[in-house]
Amino acid sequence: MTKDMTTGSPIRLIIGFAVPMFLGMLFQQFYSMVDTVVVGKYLGVAPLAGVGSTASLNFMVIGFCMGVCNGFAIPVAQMFGAREEGRLRRFVTNSVWLSIGFAVVMTLSVTIACKTVLRLMNTPDEIFDYAYVYIFIVFCGIPCTFLYNLLAGIIRSLGDSRTPVIFLAISSVLNIVLDFVSILGLHMNVEGPALATVVSQGISGGVCLLYMRRKYPVLRASKEEWKPDRKYIKRLCFMGIPMGLQYSVTAIGSLVLQTAINGMGAAVVAGVTAAQKINVFISCPVEALGQTMAPYTGQNMGAGRVDRIGKGLLQASLMGFLVSVICFLTAFAVGKDMVLLFLDAKETEIITYAYRFLLCCTGGYCLLTLVNTVRFTIQGMGFSVFAIISGVMEMIARSLVALVVARHFGFAGICFAHPAAWVFADAFLIPAFFYCRRKIEKSGSAVQV
């Protein structure tokens, strides 16, 4: 079930790994997309705007969880490439203990603070209750988020990007069923889709755990290997926390931007919400190519094949540029039809907002490609701290747009927030990659414990 990515054609390995990951991302987006479709169609514009207004806050917290788990998987990929199975298992077991601790602390803290944060975000009164109920339930499911993302990250670090997709497919179907049952059958409001999302992800993580225990002998740790070890915990924190903070710091800019959007009224909030859902869905192939670079780079770092890293990055980026053009043309041709998945055709003003925002985002996908491929390559090389800096660059750009540009140009300025963030991130990441490569070539390796 594992796959060695240290030999063979880089682009074939990357595409072969990225395609299942792309499918997995599509299934992940079904969690949130189905919620939005059902809420918009069956509950109305106010609940839709309420759910949408929590997107940046959701990304800041859940993104941290996902980033930490992805960071924990990088040393596992490096040890797999180095054929150090004992150290691989120690990294896995210590990442489990860390994840439990993070899940408990984060669940308690963010559920207590979320109402205050929504107030600080200027969430309109008419949608506040919808926003609070939805995001509170989602945050209660943080342990489920850690469970699935940690296990999926470990599996992918072993070169297997297919297995997590199977479990996500099963849970996505369950999520869709629970959405309709909760709203149409049980007559619940936004709490129904929120519960459906948490339950579905929890089930996918649980099934994934049972499967791993049976199918991956390399992960079967002894009692001694289950003991927490300070040096492994230190290395995991060094890799995981910066990656998690990169998501959260990036999301701070999104929170500032969302605050500016909230101040423009429920119609703009609803339009941007619908566009963001489509944007995240369309960008899945670009995101998949980027995330493939972490295990690919990690394995090659562990094996000492530094020469293959630059080749893989170049080929993945070129592939991403081609995909970006296709994504923009798709949004241009059928973007308005996609928006109708979330909104009624009579909501012409909201549809116009959504379509304009979507075109501006997809028009910048070549920039997003480099953000993803270069960032995850740097992380796979072992320089996770650089992830925070790139996140700061994105935060600065989005904040400037929200606080300065949007004041003068209104909604038109908001539309260019994401492309501006990607420009700022690329301006840092591209030189950073060459710096990291030179440092590795001088030292020989970045793999440590």
# chains A, B, ... in the order shown; residues from 1 in each chain; ligands from 1

call {"tool": "residues_around", "arguments": {"residues": "Ala397 in chain A", "least_positions_apart": "6", "cutoff": "12 Å", "atoms": "only C-alpha atoms", "output": "short mmCIF file (atom, residue, chain, number, x, y, z; two decimals) with all heavy atoms, in the first residue's frame"}}
result
data_model
loop_
_atom_site.label_atom_id
_atom_site.label_comp_id
_atom_site.auth_asym_id
_atom_site.auth_seq_id
_atom_site.Cartn_x
_atom_site.Cartn_y
_atom_site.Cartn_z
N VAL A 249 -2.34 32.40 10.54
CA VAL A 249 -1.92 33.77 10.24
C VAL A 249 -2.54 34.23 8.93
O VAL A 249 -3.00 35.37 8.80
CB VAL A 249 -0.37 33.85 10.18
CG1 VAL A 249 0.07 35.19 9.61
CG2 VAL A 249 0.22 33.64 11.56
N THR A 250 -2.55 33.33 7.94
CA THR A 250 -3.22 33.65 6.68
C THR A 250 -4.68 33.98 6.92
O THR A 250 -5.24 34.91 6.32
CB THR A 250 -3.11 32.46 5.70
OG1 THR A 250 -1.73 32.17 5.46
CG2 THR A 250 -3.79 32.78 4.38
N ALA A 251 -5.31 33.23 7.80
CA ALA A 251 -6.73 33.43 8.08
C ALA A 251 -7.01 34.73 8.81
O ALA A 251 -8.13 35.25 8.72
CB ALA A 251 -7.27 32.25 8.89
N ILE A 252 -6.01 35.27 9.52
CA ILE A 252 -6.23 36.56 10.18
C ILE A 252 -6.53 37.62 9.13
O ILE A 252 -7.43 38.45 9.30
CB ILE A 252 -5.01 36.95 11.03
CG1 ILE A 252 -4.88 36.00 12.22
CG2 ILE A 252 -5.12 38.39 11.51
CD1 ILE A 252 -3.62 36.21 13.04
N GLY A 253 -5.78 37.58 8.03
CA GLY A 253 -6.08 38.49 6.93
C GLY A 253 -7.47 38.26 6.37
O GLY A 253 -8.19 39.20 6.02
N SER A 254 -7.88 36.99 6.30
CA SER A 254 -9.22 36.66 5.82
C SER A 254 -10.28 37.16 6.80
O SER A 254 -11.38 37.56 6.38
CB SER A 254 -9.35 35.14 5.62
OG SER A 254 -8.46 34.69 4.62
N VAL A 256 -10.00 39.84 8.72
CA VAL A 256 -10.09 41.28 8.49
C VAL A 256 -10.90 41.55 7.23
O VAL A 256 -11.76 42.44 7.19
CB VAL A 256 -8.69 41.91 8.38
CG1 VAL A 256 -8.78 43.40 8.05
CG2 VAL A 256 -7.91 41.70 9.68
N LEU A 257 -10.63 40.76 6.19
CA LEU A 257 -11.37 40.91 4.94
C LEU A 257 -12.84 40.60 5.14
O LEU A 257 -13.73 41.31 4.64
CB LEU A 257 -10.77 39.98 3.88
CG LEU A 257 -11.43 40.01 2.49
CD1 LEU A 257 -11.26 41.38 1.85
CD2 LEU A 257 -10.83 38.92 1.60
N SER A 390 5.38 33.30 4.95
CA SER A 390 4.52 33.39 3.77
C SER A 390 3.08 33.68 4.17
O SER A 390 2.36 34.43 3.50
CB SER A 390 4.59 32.10 2.94
OG SER A 390 4.01 31.01 3.64
N GLY A 391 2.66 33.10 5.31
CA GLY A 391 1.32 33.40 5.81
C GLY A 391 1.18 34.85 6.22
O GLY A 391 0.14 35.48 6.00
N LEU A 403 -8.69 47.14 4.63
CA LEU A 403 -8.66 48.39 5.39
C LEU A 403 -8.44 49.63 4.53
O LEU A 403 -8.81 50.73 4.93
CB LEU A 403 -7.55 48.31 6.45
CG LEU A 403 -7.71 47.20 7.50
CD1 LEU A 403 -6.50 47.17 8.42
CD2 LEU A 403 -8.99 47.40 8.30
N VAL A 404 -7.82 49.46 3.35
CA VAL A 404 -7.48 50.62 2.52
C VAL A 404 -8.20 50.58 1.17
O VAL A 404 -8.99 51.48 0.85
CB VAL A 404 -5.95 50.70 2.30
CG1 VAL A 404 -5.62 51.91 1.43
CG2 VAL A 404 -5.22 50.78 3.62
N VAL A 405 -7.94 49.52 0.40
CA VAL A 405 -8.47 49.47 -0.97
C VAL A 405 -9.99 49.43 -0.98
O VAL A 405 -10.64 50.15 -1.75
CB VAL A 405 -7.89 48.25 -1.72
CG1 VAL A 405 -8.47 48.18 -3.13
CG2 VAL A 405 -6.38 48.33 -1.77
N GLY A 413 -12.80 46.42 -4.91
CA GLY A 413 -11.52 46.21 -4.23
C GLY A 413 -11.47 44.87 -3.52
O GLY A 413 -10.43 44.19 -3.52
N ILE A 414 -12.59 44.47 -2.92
CA ILE A 414 -12.66 43.17 -2.24
C ILE A 414 -12.34 42.03 -3.19
O ILE A 414 -11.69 41.05 -2.81
CB ILE A 414 -14.07 42.97 -1.64
CG1 ILE A 414 -14.31 43.95 -0.48
CG2 ILE A 414 -14.28 41.53 -1.18
CD1 ILE A 414 -13.47 43.71 0.74
N PHE A 416 -10.22 41.69 -5.44
CA PHE A 416 -8.81 41.46 -5.73
C PHE A 416 -7.99 41.12 -4.49
O PHE A 416 -6.76 41.10 -4.54
CB PHE A 416 -8.21 42.70 -6.42
CG PHE A 416 -8.71 42.89 -7.83
CD1 PHE A 416 -9.77 43.74 -8.09
CD2 PHE A 416 -8.14 42.18 -8.88
CE1 PHE A 416 -10.25 43.91 -9.38
CE2 PHE A 416 -8.61 42.35 -10.18
CZ PHE A 416 -9.66 43.21 -10.43
N ALA A 417 -8.66 40.82 -3.39
CA ALA A 417 -7.94 40.53 -2.15
C ALA A 417 -7.11 39.26 -2.25
O ALA A 417 -5.93 39.23 -1.85
CB ALA A 417 -8.94 40.42 -0.99
N HIS A 418 -7.69 38.18 -2.75
CA HIS A 418 -6.96 36.91 -2.83
C HIS A 418 -5.79 36.97 -3.81
O HIS A 418 -4.67 36.57 -3.46
CB HIS A 418 -7.90 35.78 -3.18
CG HIS A 418 -8.88 35.45 -2.10
ND1 HIS A 418 -8.56 35.43 -0.76
CD2 HIS A 418 -10.21 35.12 -2.14
CE1 HIS A 418 -9.61 35.12 -0.03
NE2 HIS A 418 -10.63 34.95 -0.85
N PRO A 419 -5.97 37.47 -5.05
CA PRO A 419 -4.81 37.60 -5.94
C PRO A 419 -3.69 38.45 -5.34
O PRO A 419 -2.50 38.14 -5.52
CB PRO A 419 -5.40 38.24 -7.20
CG PRO A 419 -6.82 37.80 -7.22
CD PRO A 419 -7.23 37.79 -5.77
N ALA A 420 -4.05 39.53 -4.64
CA ALA A 420 -3.02 40.37 -4.01
C ALA A 420 -2.25 39.58 -2.95
O ALA A 420 -1.02 39.70 -2.84
CB ALA A 420 -3.67 41.60 -3.38
N ALA A 421 -2.96 38.76 -2.19
CA ALA A 421 -2.31 37.94 -1.17
C ALA A 421 -1.34 36.95 -1.80
O ALA A 421 -0.24 36.71 -1.28
CB ALA A 421 -3.36 37.20 -0.35
N TRP A 422 -1.72 36.37 -2.92
CA TRP A 422 -0.85 35.40 -3.59
C TRP A 422 0.39 36.06 -4.17
O TRP A 422 1.48 35.46 -4.16
CB TRP A 422 -1.64 34.66 -4.68
CG TRP A 422 -2.83 33.93 -4.13
CD1 TRP A 422 -2.97 33.41 -2.87
CD2 TRP A 422 -4.07 33.67 -4.80
NE1 TRP A 422 -4.21 32.84 -2.72
CE2 TRP A 422 -4.91 32.98 -3.88
CE3 TRP A 422 -4.56 33.94 -6.07
CZ2 TRP A 422 -6.20 32.56 -4.21
CZ3 TRP A 422 -5.85 33.52 -6.41
CH2 TRP A 422 -6.65 32.83 -5.48
N VAL A 423 0.28 37.29 -4.66
CA VAL A 423 1.44 38.03 -5.15
C VAL A 423 2.44 38.26 -4.01
O VAL A 423 3.64 38.02 -4.16
CB VAL A 423 1.01 39.38 -5.76
CG1 VAL A 423 2.24 40.26 -6.01
CG2 VAL A 423 0.26 39.17 -7.07
N PHE A 424 1.94 38.69 -2.86
CA PHE A 424 2.81 38.93 -1.72
C PHE A 424 3.51 37.65 -1.27
O PHE A 424 4.70 37.65 -0.95
CB PHE A 424 1.99 39.52 -0.55
CG PHE A 424 1.88 41.02 -0.58
CD1 PHE A 424 1.44 41.68 -1.72
CD2 PHE A 424 2.18 41.77 0.54
CE1 PHE A 424 1.32 43.06 -1.75
CE2 PHE A 424 2.08 43.15 0.53
CZ PHE A 424 1.65 43.80 -0.63
N ALA A 425 2.76 36.54 -1.22
CA ALA A 425 3.34 35.27 -0.78
C ALA A 425 4.41 34.78 -1.75
O ALA A 425 5.49 34.34 -1.33
CB ALA A 425 2.25 34.22 -0.63
N ASP A 426 4.13 34.87 -3.05
CA ASP A 426 5.11 34.43 -4.06
C ASP A 426 6.39 35.25 -4.00
O ASP A 426 7.49 34.72 -4.22
CB ASP A 426 4.50 34.52 -5.46
CG ASP A 426 3.50 33.42 -5.74
OD1 ASP A 426 3.60 32.35 -5.11
OD2 ASP A 426 2.61 33.62 -6.60
N ALA A 427 6.24 36.54 -3.72
CA ALA A 427 7.41 37.41 -3.65
C ALA A 427 8.38 36.96 -2.56
O ALA A 427 9.59 37.20 -2.65
CB ALA A 427 6.98 38.85 -3.41
#

call {"tool": "residues_around", "arguments": {"residues": "range 88-91 of chain A", "least_positions_apart": "2", "cutoff": "7 Å", "atoms": "only C-alpha atoms", "output": "MDAnalysis selection string"}}
result
chainID A and resid 75:76 79:80 84:86 93:95 219 221 225 232

call {"tool": "write_last_selection", "arguments": {"atoms": "N, CA, C and O atoms", "output": "tab-separated table (two decimals), in the first residue's frame"}}
result
chain	number	residue	atom	x	y	z
A	75	PRO	N	8.15	14.56	8.95
A	75	PRO	CA	9.22	13.68	9.42
A	75	PRO	C	8.94	12.20	9.14
A	75	PRO	O	9.88	11.42	8.94
A	76	VAL	N	7.67	11.82	9.12
A	76	VAL	CA	7.32	10.43	8.79
A	76	VAL	C	7.73	10.13	7.35
A	76	VAL	O	8.32	9.08	7.06
A	79	MET	N	11.55	9.81	7.17
A	79	MET	CA	12.03	8.54	7.70
A	79	MET	C	11.68	7.38	6.77
A	79	MET	O	12.43	6.41	6.66
A	80	PHE	N	10.53	7.49	6.09
A	80	PHE	CA	10.17	6.45	5.13
A	80	PHE	C	11.15	6.46	3.97
A	80	PHE	O	11.60	5.39	3.51
A	84	GLU	N	14.16	4.29	7.71
A	84	GLU	CA	14.35	4.23	9.16
A	84	GLU	C	13.00	3.90	9.82
A	84	GLU	O	12.32	4.79	10.35
A	85	GLU	N	12.60	2.66	9.81
A	85	GLU	CA	11.26	2.28	10.25
A	85	GLU	C	11.05	2.50	11.75
A	85	GLU	O	9.95	2.85	12.19
A	86	GLY	N	12.08	2.27	12.55
A	86	GLY	CA	11.94	2.47	13.98
A	86	GLY	C	11.67	3.93	14.31
A	86	GLY	O	10.78	4.26	15.09
A	93	THR	N	3.87	7.72	16.76
A	93	THR	CA	3.27	7.61	18.10
A	93	THR	C	3.32	8.94	18.85
A	93	THR	O	2.35	9.32	19.52
A	94	ASN	N	4.41	9.65	18.73
A	94	ASN	CA	4.49	10.94	19.40
A	94	ASN	C	3.55	11.97	18.77
A	94	ASN	O	3.04	12.85	19.47
A	95	SER	N	3.30	11.85	17.48
A	95	SER	CA	2.34	12.76	16.84
A	95	SER	C	0.92	12.48	17.34
A	95	SER	O	0.09	13.39	17.43
A	219	LEU	N	3.58	0.46	10.69
A	219	LEU	CA	3.10	1.38	11.71
A	219	LEU	C	2.79	0.69	13.05
A	219	LEU	O	2.38	1.36	14.00
A	221	ALA	N	3.49	-0.22	16.29
A	221	ALA	CA	4.50	0.18	17.27
A	221	ALA	C	4.47	-0.73	18.50
A	221	ALA	O	3.41	-1.22	18.90
A	225	GLU	N	7.82	1.92	21.98
A	225	GLU	CA	7.73	2.99	20.97
A	225	GLU	C	6.55	3.93	21.22
A	225	GLU	O	6.51	5.03	20.67
A	232	TYR	N	11.60	13.66	19.91
A	232	TYR	CA	10.67	13.50	18.80
A	232	TYR	C	9.55	14.54	18.88
A	232	TYR	O	9.12	15.09	17.86

call {"tool": "residues_around", "arguments": {"residues": "Arg437 in chain A", "least_positions_apart": "6", "cutoff": "10 Å", "atoms": "only C-alpha atoms", "output": "ChimeraX atom specification"}}
result
/A:306-307,309-310,378,381,443,445

call {"tool": "write_last_selection", "arguments": {"atoms": "all heavy atoms", "output": "PDB file, in the first residue's frame"}}
result
ATOM      1  N   VAL A 306      18.329  15.127  -3.262  1.00  0.00           N
ATOM      2  CA  VAL A 306      18.005  16.553  -3.327  1.00  0.00           C
ATOM      3  C   VAL A 306      17.856  17.016  -4.773  1.00  0.00           C
ATOM      4  O   VAL A 306      17.091  17.942  -5.067  1.00  0.00           O
ATOM      5  CB  VAL A 306      19.090  17.372  -2.602  1.00  0.00           C
ATOM      6  CG1 VAL A 306      18.770  18.862  -2.652  1.00  0.00           C
ATOM      7  CG2 VAL A 306      19.218  16.911  -1.157  1.00  0.00           C
ATOM      8  N   ASP A 307      18.565  16.381  -5.697  1.00  0.00           N
ATOM      9  CA  ASP A 307      18.503  16.782  -7.104  1.00  0.00           C
ATOM     10  C   ASP A 307      17.114  16.619  -7.689  1.00  0.00           C
ATOM     11  O   ASP A 307      16.731  17.340  -8.621  1.00  0.00           O
ATOM     12  CB  ASP A 307      19.503  15.952  -7.919  1.00  0.00           C
ATOM     13  CG  ASP A 307      19.223  14.452  -7.814  1.00  0.00           C
ATOM     14  OD1 ASP A 307      19.224  13.926  -6.671  1.00  0.00           O
ATOM     15  OD2 ASP A 307      19.000  13.808  -8.852  1.00  0.00           O
ATOM     16  N   ILE A 309      14.286  17.226  -6.182  1.00  0.00           N
ATOM     17  CA  ILE A 309      13.312  18.161  -5.624  1.00  0.00           C
ATOM     18  C   ILE A 309      13.036  19.309  -6.584  1.00  0.00           C
ATOM     19  O   ILE A 309      11.882  19.651  -6.861  1.00  0.00           O
ATOM     20  CB  ILE A 309      13.811  18.696  -4.259  1.00  0.00           C
ATOM     21  CG1 ILE A 309      13.886  17.535  -3.251  1.00  0.00           C
ATOM     22  CG2 ILE A 309      12.894  19.803  -3.745  1.00  0.00           C
ATOM     23  CD1 ILE A 309      14.508  17.930  -1.926  1.00  0.00           C
ATOM     24  N   GLY A 310      14.099  19.938  -7.113  1.00  0.00           N
ATOM     25  CA  GLY A 310      13.916  21.041  -8.052  1.00  0.00           C
ATOM     26  C   GLY A 310      13.202  20.609  -9.318  1.00  0.00           C
ATOM     27  O   GLY A 310      12.338  21.336  -9.842  1.00  0.00           O
ATOM     28  N   ILE A 378       9.126  23.652   0.229  1.00  0.00           N
ATOM     29  CA  ILE A 378       9.960  24.172   1.320  1.00  0.00           C
ATOM     30  C   ILE A 378       9.659  23.434   2.628  1.00  0.00           C
ATOM     31  O   ILE A 378      10.571  23.084   3.386  1.00  0.00           O
ATOM     32  CB  ILE A 378       9.729  25.689   1.479  1.00  0.00           C
ATOM     33  CG1 ILE A 378      10.309  26.440   0.271  1.00  0.00           C
ATOM     34  CG2 ILE A 378      10.363  26.206   2.772  1.00  0.00           C
ATOM     35  CD1 ILE A 378       9.994  27.923   0.264  1.00  0.00           C
ATOM     36  N   MET A 381      11.160  20.051   2.679  1.00  0.00           N
ATOM     37  CA  MET A 381      12.607  20.119   2.868  1.00  0.00           C
ATOM     38  C   MET A 381      12.978  20.284   4.340  1.00  0.00           C
ATOM     39  O   MET A 381      14.137  20.123   4.713  1.00  0.00           O
ATOM     40  CB  MET A 381      13.180  21.282   2.046  1.00  0.00           C
ATOM     41  CG  MET A 381      13.049  21.083   0.540  1.00  0.00           C
ATOM     42  SD  MET A 381      13.241  22.627  -0.395  1.00  0.00           S
ATOM     43  CE  MET A 381      15.000  22.868  -0.326  1.00  0.00           C
ATOM     44  N   SER A 443      24.928  21.800   3.477  1.00  0.00           N
ATOM     45  CA  SER A 443      24.950  20.970   4.685  1.00  0.00           C
ATOM     46  C   SER A 443      24.781  19.484   4.390  1.00  0.00           C
ATOM     47  O   SER A 443      25.130  18.638   5.193  1.00  0.00           O
ATOM     48  CB  SER A 443      23.835  21.410   5.645  1.00  0.00           C
ATOM     49  OG  SER A 443      22.566  21.222   5.064  1.00  0.00           O
ATOM     50  N   SER A 445      21.919  17.752   4.221  1.00  0.00           N
ATOM     51  CA  SER A 445      20.590  17.259   4.569  1.00  0.00           C
ATOM     52  C   SER A 445      19.970  18.164   5.622  1.00  0.00           C
ATOM     53  O   SER A 445      20.666  18.794   6.408  1.00  0.00           O
ATOM     54  CB  SER A 445      20.638  15.820   5.096  1.00  0.00           C
ATOM     55  OG  SER A 445      19.348  15.404   5.504  1.00  0.00           O
TER      56      SER A 445
END

call {"tool": "residues_around", "arguments": {"residues": "Ile127 in chain A", "least_positions_apart": "4", "cutoff": "9 Å", "atoms": "only C-alpha atoms", "output": "list of chain:residue names"}}
result
A:Ala46, A:Pro47, A:Leu48, A:Ala49, A:Gly50, A:Val51, A:Ser53, A:Thr123, A:Ala131, A:Tyr132, A:Ala266

call {"tool": "write_last_selection", "arguments": {"atoms": "N, CA and C atoms", "output": "compact mmCIF listing (two decimals), in the first residue's frame"}}
result
# COMPACT_ATOMS: atom_id res chain seq x y z
N ALA A 46 -30.60 34.44 4.78
CA ALA A 46 -30.04 34.79 6.09
C ALA A 46 -29.23 33.64 6.71
N PRO A 47 -29.76 32.42 6.76
CA PRO A 47 -28.94 31.31 7.25
C PRO A 47 -27.70 31.07 6.38
N LEU A 48 -27.84 31.24 5.05
CA LEU A 48 -26.70 31.08 4.15
C LEU A 48 -25.62 32.11 4.48
N ALA A 49 -26.03 33.36 4.66
CA ALA A 49 -25.07 34.40 5.01
C ALA A 49 -24.44 34.13 6.37
N GLY A 50 -25.23 33.61 7.32
CA GLY A 50 -24.70 33.30 8.64
C GLY A 50 -23.62 32.24 8.58
N VAL A 51 -23.89 31.17 7.84
CA VAL A 51 -22.88 30.11 7.68
C VAL A 51 -21.66 30.65 6.96
N SER A 53 -20.52 33.71 6.80
CA SER A 53 -19.76 34.70 7.55
C SER A 53 -18.75 34.07 8.51
N THR A 123 -20.28 40.79 12.71
CA THR A 123 -21.30 39.93 12.11
C THR A 123 -22.67 40.60 12.26
N ALA A 131 -24.82 32.15 12.53
CA ALA A 131 -23.37 32.00 12.49
C ALA A 131 -22.85 31.33 13.76
N TYR A 132 -23.34 31.75 14.91
CA TYR A 132 -22.83 31.21 16.17
C TYR A 132 -23.15 29.73 16.34
N ALA A 266 -25.87 41.95 3.97
CA ALA A 266 -26.13 40.52 3.82
C ALA A 266 -26.04 40.06 2.38

call {"tool": "residues_around", "arguments": {"residues": "Ile351 in chain A", "least_positions_apart": "5", "cutoff": "7 Å", "atoms": "only C-alpha atoms", "output": "PyMOL selection string"}}
result
chain A and resi 271+336+339

call {"tool": "residues_around", "arguments": {"residues": "Glu349 in chain A", "least_positions_apart": "5", "cutoff": "10 Å", "atoms": "only C-alpha atoms", "output": "VMD selection string"}}
result
chain A and resid 267 to 268 271 354

call {"tool": "write_last_selection", "arguments": {"atoms": "C-alpha atoms", "output": "compact mmCIF listing (two decimals), in the first residue's frame"}}
result
# COMPACT_ATOMS: atom_id res chain seq x y z
CA ALA A 267 -26.38 40.52 0.01
CA VAL A 268 -22.61 40.90 -0.43
CA GLY A 271 -22.65 36.47 -2.81
CA ALA A 354 -20.73 36.04 -6.66

call {"tool": "atom_distance", "arguments": {"atom1": "CA of Phe332 in chain A", "atom2": "CA of Asp344 in chain A"}}
result
19.7 Å

call {"tool": "closest_residue", "arguments": {"among": "A:Asp160, A:Asp129, A:Glu287, A:Asp229", "to": "Val190 in chain A", "atoms": "only C-alpha atoms"}}
result
A:Asp129

call {"tool": "closest_residue", "arguments": {"among": "A:Ile203, A:Ile154, A:Ala18, A:Gly244", "to": "Gly63 in chain A", "atoms": "only C-alpha atoms"}}
result
A:Gly244

call {"tool": "closest_atom_pairs", "arguments": {"of": "range 4-79 of chain A", "to": "range 311-315 of chain A", "cutoff": "9 Å", "atoms": "only C-alpha atoms", "output": "CSV"}}
result
residue,atom,partner,partner_atom,distance
A:Ser9,CA,A:Gly312,CA,8.8
A:Pro10,CA,A:Gly312,CA,5.2
A:Ile11,CA,A:Gln315,CA,6.0
A:Ile14,CA,A:Gly312,CA,7.5

call {"tool": "closest_residue", "arguments": {"among": "A:Leu43, A:Ile261, A:Ala331, A:Leu23", "to": "Leu184 in chain A", "atoms": "only C-alpha atoms"}}
result
A:Leu43

call {"tool": "atom_distance", "arguments": {"atom1": "CA of Ala77 in chain A", "atom2": "CA of Thr197 in chain A"}}
result
29.1 Å

call {"tool": "atom_distance", "arguments": {"atom1": "CA of Val385 in chain A", "atom2": "CA of Gly71 in chain A"}}
result
10.8 Å

call {"tool": "closest_residue", "arguments": {"among": "A:Val371, A:Ala113, A:Leu195, A:Cys360", "to": "Met293 in chain A", "atoms": "only C-alpha atoms"}}
result
A:Val371

call {"tool": "residues_around", "arguments": {"residues": "Pro285 in chain A", "least_positions_apart": "5", "cutoff": "12 Å", "atoms": "only C-alpha atoms", "output": "PDB file with C-alpha atoms, in the first residue's frame"}}
result
ATOM      1  CA  ILE A  15       0.491  13.248 -11.074  1.00  0.00           C
ATOM      2  CA  PHE A  17      -0.123  10.914  -6.289  1.00  0.00           C
ATOM      3  CA  ALA A  18      -2.019  14.157  -6.970  1.00  0.00           C
ATOM      4  CA  VAL A  19      -4.990  12.627  -8.810  1.00  0.00           C
ATOM      5  CA  PRO A  20      -6.261  10.596  -5.834  1.00  0.00           C
ATOM      6  CA  MET A  21      -5.517  13.562  -3.564  1.00  0.00           C
ATOM      7  CA  PHE A  22      -7.550  15.765  -5.907  1.00  0.00           C
ATOM      8  CA  LEU A  23     -10.467  13.361  -5.635  1.00  0.00           C
ATOM      9  CA  GLY A  24     -10.070  13.389  -1.870  1.00  0.00           C
ATOM     10  CA  MET A  25     -10.242  17.178  -1.834  1.00  0.00           C
ATOM     11  CA  LEU A  26     -13.395  17.069  -3.917  1.00  0.00           C
ATOM     12  CA  ASN A 279     -13.665  28.873  -5.672  1.00  0.00           C
ATOM     13  CA  VAL A 280     -12.508  26.286  -3.141  1.00  0.00           C
ATOM     14  CA  GLY A 290       0.832  21.668  -4.144  1.00  0.00           C
ATOM     15  CA  GLN A 291       0.138  19.273  -1.287  1.00  0.00           C
ATOM     16  CA  THR A 292       1.692  16.409  -3.261  1.00  0.00           C
ATOM     17  CA  ALA A 316       4.445  20.390 -10.902  1.00  0.00           C
ATOM     18  CA  SER A 317       4.319  24.174 -11.327  1.00  0.00           C
ATOM     19  CA  MET A 319       1.276  21.430 -14.790  1.00  0.00           C
ATOM     20  CA  GLY A 320      -0.416  23.798 -12.346  1.00  0.00           C
ATOM     21  CA  PHE A 321      -0.253  26.702 -14.804  1.00  0.00           C
ATOM     22  CA  LEU A 322      -2.076  24.630 -17.410  1.00  0.00           C
ATOM     23  CA  VAL A 323      -4.726  23.612 -14.899  1.00  0.00           C
ATOM     24  CA  SER A 324      -5.121  27.250 -13.816  1.00  0.00           C
ATOM     25  CA  VAL A 325      -6.034  28.349 -17.329  1.00  0.00           C
ATOM     26  CA  ILE A 326      -8.625  25.574 -17.576  1.00  0.00           C
ATOM     27  CA  CYS A 327     -10.114  26.576 -14.216  1.00  0.00           C
ATOM     28  CA  TYR A 365      -4.714  30.749 -10.051  1.00  0.00           C
ATOM     29  CA  LEU A 368      -1.884  30.352  -6.353  1.00  0.00           C
ATOM     30  CA  THR A 369      -0.099  27.469  -8.086  1.00  0.00           C
ATOM     31  CA  ASN A 372       1.172  25.908  -3.141  1.00  0.00           C
ATOM     32  CA  THR A 373       3.962  24.090  -4.987  1.00  0.00           C
TER      33      THR A 373
END

call {"tool": "select_by_dssp", "arguments": {"residues": "range 134-375 of chain A", "states": "helix (DSSP H, G or I)", "output": "count of residues only"}}
result
205

call {"tool": "closest_residue", "arguments": {"among": "A:Val68, A:Leu343, A:Ile170, A:Leu98", "to": "Gly240 in chain A", "atoms": "only C-alpha atoms"}}
result
A:Val68
